[in-house]
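Everything below belongs to work17.cif, which stores mmCIF, C-alpha atoms.
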```
data_work
loop_
_atom_site.label_atom_id
_atom_site.label_comp_id
_atom_site.auth_asym_id
_atom_site.auth_seq_id
_atom_site.Cartn_x
_atom_site.Cartn_y
_atom_site.Cartn_z
CA MET C 1 70.02 -96.22 -5.73
CA LEU C 2 67.46 -96.28 -2.95
CA CYS C 3 68.19 -97.90 0.36
CA VAL C 4 66.46 -97.90 3.70
CA VAL C 5 69.20 -97.46 6.22
CA SER C 6 67.95 -96.23 9.52
CA LEU C 7 64.94 -96.02 11.75
CA LEU C 8 65.06 -92.95 13.95
CA ALA C 9 63.35 -93.76 17.22
CA THR C 10 62.08 -90.97 19.48
CA PRO C 11 59.72 -90.97 22.45
CA LEU C 12 57.10 -89.59 20.05
CA LYS C 13 57.47 -91.57 16.89
CA ALA C 14 59.74 -93.59 14.63
CA VAL C 15 60.70 -92.28 11.19
CA GLU C 16 62.13 -94.47 8.48
CA VAL C 17 64.81 -92.61 6.54
CA GLN C 18 65.01 -93.72 2.91
CA TYR C 19 68.31 -92.63 1.38
CA THR C 20 69.08 -92.23 -2.30
CA ASN C 21 72.77 -92.27 -3.34
CA LEU C 22 74.08 -93.22 0.09
CA SER C 23 75.95 -96.17 -1.42
CA SER C 24 77.94 -93.78 -3.62
CA LEU C 25 79.88 -92.79 -0.49
CA SER C 26 82.59 -94.69 1.34
CA GLU C 27 81.59 -96.53 4.52
CA SER C 28 83.08 -93.84 6.75
CA HIS C 29 81.30 -91.08 4.82
CA GLN C 30 78.05 -93.04 4.93
CA GLN C 31 78.30 -93.18 8.72
CA LYS C 32 79.06 -89.46 8.88
CA VAL C 33 76.01 -88.61 6.77
CA GLU C 34 73.73 -90.90 8.78
CA ASN C 35 74.96 -89.32 12.01
CA TRP C 36 74.33 -85.84 10.58
CA ILE C 37 70.78 -86.63 9.45
CA ASP C 38 70.03 -88.45 12.70
CA SER C 39 71.26 -85.47 14.73
CA GLY C 40 69.23 -83.04 12.61
CA LEU C 41 66.05 -85.06 13.00
CA ARG C 42 66.48 -85.48 16.73
CA SER C 43 67.06 -81.76 17.18
CA THR C 44 64.10 -80.84 14.98
CA PHE C 45 61.80 -83.33 16.70
CA LYS C 46 62.85 -82.06 20.13
CA THR C 47 61.76 -78.54 19.16
CA LEU C 48 58.85 -79.06 16.76
CA GLY C 49 57.66 -82.54 17.64
CA ALA C 50 57.80 -85.57 15.38
CA LEU C 51 56.68 -85.44 11.78
CA LYS C 52 53.28 -86.95 11.14
CA GLN C 53 54.67 -88.90 8.19
CA ASN C 54 56.55 -92.07 9.11
CA VAL C 55 58.84 -92.18 6.05
CA LEU C 56 61.39 -89.50 5.13
CA PRO C 57 63.04 -89.68 1.67
CA VAL C 58 66.52 -88.13 1.70
CA LYS C 59 68.26 -87.69 -1.66
CA LEU C 60 72.00 -87.16 -1.31
CA GLN C 61 74.00 -85.15 -3.82
CA PRO C 62 77.62 -85.19 -2.59
CA ARG C 63 80.01 -82.70 -4.13
CA TYR C 64 83.78 -82.93 -4.40
CA PHE C 65 84.19 -79.15 -4.17
CA ALA C 66 82.11 -76.70 -2.16
CA LEU C 67 82.77 -73.46 -0.31
CA GLU C 68 80.49 -74.45 2.57
CA PRO C 69 79.31 -77.73 4.11
CA VAL C 70 75.84 -77.62 2.49
CA PRO C 71 75.77 -75.18 -0.44
CA TRP C 72 72.24 -76.03 -1.55
CA ALA C 73 69.20 -78.07 -0.55
CA SER C 74 65.49 -78.29 -1.27
CA VAL C 75 62.25 -80.00 -0.28
CA LYS C 76 60.72 -82.60 -2.58
CA ARG C 77 56.94 -82.92 -2.19
CA GLY C 78 55.23 -86.21 -2.88
CA LYS C 79 53.48 -89.12 -1.20
CA PHE C 80 56.06 -88.62 1.51
CA ASP C 81 57.65 -85.19 1.57
CA GLY C 82 61.43 -85.42 1.53
CA ILE C 83 64.60 -83.41 1.16
CA GLU C 84 67.49 -83.22 -1.31
CA LEU C 85 70.89 -82.26 0.09
CA HIS C 86 73.88 -81.03 -1.91
CA PHE C 87 76.81 -81.23 0.49
CA HIS C 88 80.61 -81.27 0.56
CA ARG C 89 81.50 -84.95 0.86
CA TYR C 90 84.69 -84.10 2.77
CA ALA C 91 83.03 -81.75 5.28
CA SER C 92 83.45 -82.89 8.87
CA GLU C 93 80.52 -84.28 10.80
CA SER C 94 80.64 -81.38 13.25
CA SER C 95 80.58 -78.78 10.45
CA LEU C 96 77.57 -80.47 8.88
CA ILE C 97 75.72 -80.51 12.21
CA LYS C 98 76.51 -76.82 12.78
CA ASP C 99 75.30 -75.86 9.30
CA TRP C 100 71.78 -74.35 9.25
CA THR C 101 70.56 -75.87 5.99
CA LEU C 102 69.25 -79.23 7.22
CA TYR C 103 67.20 -77.58 9.99
CA HIS C 104 65.77 -75.15 7.44
CA GLU C 105 64.66 -77.87 5.02
CA LEU C 106 63.23 -80.07 7.78
CA SER C 107 61.23 -77.07 9.03
CA HIS C 108 59.56 -76.84 5.62
CA LEU C 109 58.07 -80.30 6.19
CA TYR C 110 55.89 -78.84 8.94
CA HIS C 111 53.81 -76.74 6.53
CA PRO C 112 52.17 -77.38 3.13
CA LEU C 113 53.52 -76.18 -0.20
CA PHE C 114 52.36 -72.61 -0.88
CA ASP C 115 51.95 -70.75 -4.17
CA TYR C 116 54.97 -68.76 -5.36
CA ASP C 117 53.31 -65.51 -4.26
CA TYR C 118 53.56 -66.66 -0.67
CA PHE C 119 57.07 -68.08 -0.64
CA TRP C 120 57.92 -65.17 1.67
CA LEU C 121 55.72 -66.91 4.23
CA SER C 122 57.18 -70.42 3.86
CA GLU C 123 60.79 -69.26 3.63
CA GLY C 124 60.32 -66.86 6.52
CA LEU C 125 58.86 -69.61 8.69
CA ALA C 126 61.67 -72.05 7.89
CA THR C 127 64.31 -69.37 8.51
CA TYR C 128 62.76 -68.45 11.85
CA LEU C 129 62.36 -72.07 12.93
CA GLN C 130 65.87 -73.14 11.87
CA ASN C 131 67.33 -70.59 14.29
CA ILE C 132 65.04 -71.63 17.12
CA ILE C 133 65.93 -75.32 16.57
CA MET C 134 69.63 -74.49 16.65
CA LEU C 135 69.19 -72.38 19.81
CA ASP C 136 67.00 -74.96 21.53
CA ASN C 137 69.56 -77.70 20.93
CA GLY C 138 72.66 -75.76 21.95
CA ILE C 139 74.06 -75.50 18.42
CA ILE C 140 74.10 -71.71 18.71
CA SER C 141 73.99 -69.50 21.80
CA TYR C 142 71.29 -66.94 22.61
CA SER C 143 73.61 -64.11 21.59
CA GLU C 144 74.36 -65.89 18.28
CA PHE C 145 70.62 -66.39 17.79
CA LYS C 146 69.97 -62.66 18.08
CA GLU C 147 73.01 -61.79 15.96
CA ARG C 148 71.85 -64.09 13.14
CA LEU C 149 68.37 -62.61 13.13
CA SER C 150 69.70 -59.05 13.30
CA ALA C 151 72.19 -59.62 10.46
CA GLY C 152 69.57 -61.32 8.27
CA LEU C 153 67.04 -58.55 8.80
CA LYS C 154 69.70 -56.02 7.88
CA ARG C 155 70.45 -57.88 4.63
CA GLY C 156 66.75 -58.02 3.82
CA ARG C 157 66.35 -54.29 4.43
CA GLN C 158 69.37 -53.45 2.28
CA GLN C 159 68.09 -55.54 -0.62
CA SER C 160 64.63 -53.96 -0.38
CA TYR C 161 66.15 -50.62 -1.43
CA ALA C 162 67.17 -52.11 -4.78
CA ILE C 163 64.36 -54.63 -5.36
CA LYS C 164 61.06 -52.81 -5.10
CA GLY C 165 57.45 -53.81 -5.47
CA PRO C 166 54.75 -55.55 -3.39
CA LEU C 167 56.19 -58.44 -1.37
CA SER C 168 53.97 -61.12 -2.93
CA GLU C 169 54.91 -60.00 -6.44
CA VAL C 170 58.60 -60.00 -5.58
CA ALA C 171 58.26 -63.47 -4.04
CA ASN C 172 56.57 -64.76 -7.19
CA ASP C 173 59.63 -63.69 -9.20
CA MET C 174 62.20 -64.27 -6.46
CA TRP C 175 64.72 -66.38 -8.39
CA GLN C 176 64.73 -64.18 -11.48
CA LEU C 177 65.10 -61.04 -9.36
CA GLY C 178 67.64 -62.57 -7.00
CA ALA C 179 65.43 -61.31 -4.17
CA GLN C 180 66.02 -64.07 -1.65
CA GLN C 181 67.21 -61.77 1.12
CA ARG C 182 64.17 -59.52 0.95
CA VAL C 183 61.75 -62.44 0.61
CA TYR C 184 63.22 -64.71 3.29
CA TRP C 185 63.75 -61.99 5.86
CA SER C 186 60.45 -60.20 5.31
CA GLY C 187 58.84 -63.55 6.12
CA THR C 188 61.07 -63.98 9.16
CA ALA C 189 60.01 -60.54 10.38
CA PHE C 190 56.38 -61.67 9.98
CA PHE C 191 56.91 -64.54 12.42
CA ILE C 192 58.92 -62.40 14.83
CA GLU C 193 55.98 -59.97 14.93
CA ALA C 194 53.57 -62.89 15.40
CA GLU C 195 55.71 -64.25 18.25
CA LEU C 196 55.73 -60.89 20.02
CA ALA C 197 51.97 -60.50 19.55
CA LEU C 198 51.42 -63.98 21.03
CA LYS C 199 53.58 -63.02 24.02
CA ALA C 200 51.48 -59.89 24.52
CA GLN C 201 48.21 -61.83 24.65
CA THR C 202 46.54 -62.24 28.00
CA GLY C 203 46.40 -65.77 29.31
CA ALA C 204 48.85 -68.60 28.72
CA TYR C 205 51.60 -67.87 26.19
CA THR C 206 51.41 -70.04 23.08
CA SER C 207 54.53 -69.73 20.92
CA VAL C 208 54.91 -70.02 17.16
CA VAL C 209 56.82 -73.27 17.77
CA GLU C 210 53.99 -74.71 19.85
CA LEU C 211 51.43 -73.75 17.19
CA ILE C 212 53.49 -75.38 14.41
CA LYS C 213 53.81 -78.49 16.56
CA GLN C 214 50.04 -78.59 17.04
CA TYR C 215 49.35 -77.87 13.38
CA GLN C 216 51.57 -80.76 12.27
CA GLN C 217 49.74 -83.24 14.48
CA CYS C 218 46.13 -82.10 14.19
CA CYS C 219 45.53 -80.08 11.09
CA LYS C 220 48.16 -80.23 8.35
CA ARG C 221 46.70 -80.71 4.87
CA ALA C 222 48.74 -80.95 1.67
CA ASN C 223 46.24 -78.72 -0.13
CA HIS C 224 46.09 -75.99 2.50
CA SER C 225 46.70 -72.55 1.00
CA ALA C 226 48.77 -69.94 2.80
CA GLN C 227 45.58 -68.28 4.01
CA GLN C 228 44.11 -71.56 5.27
CA PHE C 229 47.36 -72.34 7.07
CA LEU C 230 47.30 -68.98 8.85
CA THR C 231 43.59 -69.24 9.64
CA THR C 232 44.32 -72.56 11.34
CA LEU C 233 47.11 -70.98 13.39
CA ASP C 234 44.64 -68.28 14.42
CA LYS C 235 42.16 -70.93 15.57
CA LEU C 236 44.83 -72.80 17.51
CA SER C 237 46.02 -69.60 19.19
CA LYS C 238 42.48 -68.27 19.71
CA SER C 239 43.49 -65.03 18.03
CA ALA C 240 43.47 -63.14 14.74
CA ILE C 241 47.19 -62.41 14.88
CA PHE C 242 48.29 -64.33 11.79
CA SER C 243 45.49 -63.27 9.45
CA THR C 244 45.86 -59.64 10.50
CA LEU C 245 49.60 -59.67 9.92
CA PHE C 246 49.11 -61.43 6.59
CA ASN C 247 46.84 -58.64 5.36
CA SER C 248 49.49 -56.05 6.20
CA TYR C 249 52.44 -58.04 4.78
CA ALA C 250 51.28 -59.57 1.51
CA MET C 251 51.35 -56.37 -0.54
CA ARG C 252 53.72 -54.27 1.53
CA GLN C 253 56.45 -52.45 -0.36
CA ASP C 254 58.61 -51.46 2.60
CA PHE C 255 60.76 -53.71 4.75
CA PRO C 256 59.40 -54.43 8.26
CA VAL C 257 60.99 -52.63 11.18
CA ILE C 258 62.17 -55.02 13.90
CA THR C 259 64.18 -53.30 16.62
CA GLN C 260 66.93 -54.75 18.78
CA SER C 261 64.73 -54.34 21.83
CA GLN C 262 62.09 -56.48 20.13
CA LEU C 263 64.70 -59.17 19.37
CA ASN C 264 65.70 -59.08 23.03
CA LEU C 265 62.16 -60.16 23.92
CA LEU C 266 62.52 -63.40 21.93
CA ARG C 267 63.39 -65.70 24.81
CA PHE C 268 62.29 -69.32 24.72
#
```

This entry written out as structure tokens:
Amino acid sequence: MLCVVSLLATPLKAVEVQYTNLSSLSESHQQKVENWIDSGLRSTFKTLGALKQNVLPVKLQPRYFALEPVPWASVKRGKFDGIELHFHRYASESSLIKDWTLYHELSHLYHPLFDYDYFWLSEGLATYLQNIIMLDNGIISYSEFKERLSAGLKRGRQQSYAIKGPLSEVANDMWQLGAQQRVYWSGTAFFIEAELALKAQTGAYTSVVELIKQYQQCCKRANHSAQQFLTTLDKLSKSAIFSTLFNSYAMRQDFPVITQSQLNLLRF
């Protein structure tokens, strides 16, 4: 069942959240879920700016048993892009808010849908942004932020020893290969490298977050390809950083090297 339950008001914009399956929960669980989604949207909007769309479909899939608060979620593209959340119905509100999944899926709404070959780009961006959102809103500390990136990059590197081939080809067959760690974290490394290159530019520093915020408001198109998306980021940053990195990443067979000293430079 579809119901319109809340209107999230921010200084930037109001977003109407349209829930599916909310009524399948008890009143107390409904309130918990609404608080969780509201908190996630406020945190995401604080960091990335408001979504350009004014309606957000949220399909709820509560589970009676789960090993983590949100075991699975996905983006649903359509007239209004939305999200589907599989979550433990008995998870506490605080554990849901501390879980990374909602921030990851909301981050996907700030870019178009890319072809399978370039899922490393979309998943890397969402993984990078989820951690920045959580840091920016005090959900994780700066040390936790660096630890999460370091641990994820290590997992990606380890998986790359077993799952070989050009990154775009691996991404195209990611689910069959079970190559999520290599795909997600290669893409995250891409945006870490882009962030560091932006910092090194002369003139005012424009971050990846600021560019995504600008892209959402001025330039987002549902039919933008991965290359068009990156070309737009280059135009907004007055650079060739993203296109240059793309050319080196798309067919690379090794895992990117990101050092701890480079992670230490990621201060926002």

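For the choices C:Ile133, C:Val70, C:Ile241, C:Ala171, the atom-to-atom distance to C:Leu96 is smallest for C:Val70 when using only C-alpha atoms.
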
Margin query: the PyMOL selection byres ((chain C and resi 159) around 12) - which residues does that actually catch in the file I just gave you? List them as JSON, numbers by chain.
Written below: {"C": [152, 153, 154, 155, 156, 157, 158, 160, 161, 162, 163, 164, 165, 170, 177, 178, 179, 180, 181, 182, 183, 184, 185, 186, 254, 255]}

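Taking all atoms listed in the file into account, the protein, DNA and RNA residues within 6 Å of (68.7, -86.6, -1.0) read Thr20, Val58, Lys59, Leu60, Ile83, Glu84 and Leu85 of chain C.
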
Note to self: Report, in Å to a single decimal, how far apart atom CA of C:Thr231 and atom CA of C:Lys52 are.
What the structure shows: 20.2 Å

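One distance worth recording is that between atom CA of C:Thr47 and atom CA of C:Gln217, which is 13.7 Å.
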
Notebook entry, point to check: Can you list, as a ChimeraX atom specification, the residues that the PyMOL selection byres ((chain C and resi 105-115) around 7) selects here?
Noted result: /C:74-75,81,83,101-104,116-119,126,129-130,212,216,220-226

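The two atoms in question, atom CA of C:Ile258 and atom CA of C:Asp173, are spaced 24.8 Å apart.
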
Check: For C:Leu167, which residue out of C:Asn54, C:Ser141, C:Asn247, C:Thr206 is the nearest one, using all atoms listed in the file?
Finding: C:Asn247

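For the choices C:Glu68, C:Glu34, C:Glu16, C:Glu123, the atom-to-atom distance to C:Lys98 is smallest for C:Glu68 when using all atoms listed in the file.
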
Next item on the list: Choose the residue, out of C:Leu22, C:Met134, C:Val55, C:Met251, that has the smallest atom-to-atom separation from C:Pro166; count only C-alpha atoms.
Entry: C:Met251

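Minimum atom-to-atom distances from C:Thr44, C:Ser94, C:Val17, C:Pro256 to C:Gly82 were compared using only C-alpha atoms, and the lowest value belongs to C:Val17.
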
Notebook entry, point to check: Which polymer residues, protein or nucleic acid, are no farther than 10 Å from (55.0, -64.1, 15.8), counting all atoms listed in the file, as an NGL selection string?
Noted result: :C and (125 or 128 or 188-199 or 207-209 or 241-242 or 245 or 266)

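For the file at hand, the PyMOL selection byres ((chain C and resi 69) around 8) resolves to Ala66, Leu67, Glu68, Val70, Pro71, Phe87, His88, Ala91, Ser95, Leu96 and Asp99 of chain C.
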
Next item on the list: Find the residue from C:Thr244, C:Asn137, C:Ser92, C:Gln18 that sits nearest to C:Ser43; use all atoms listed in the file when measuring.
Entry: C:Asn137
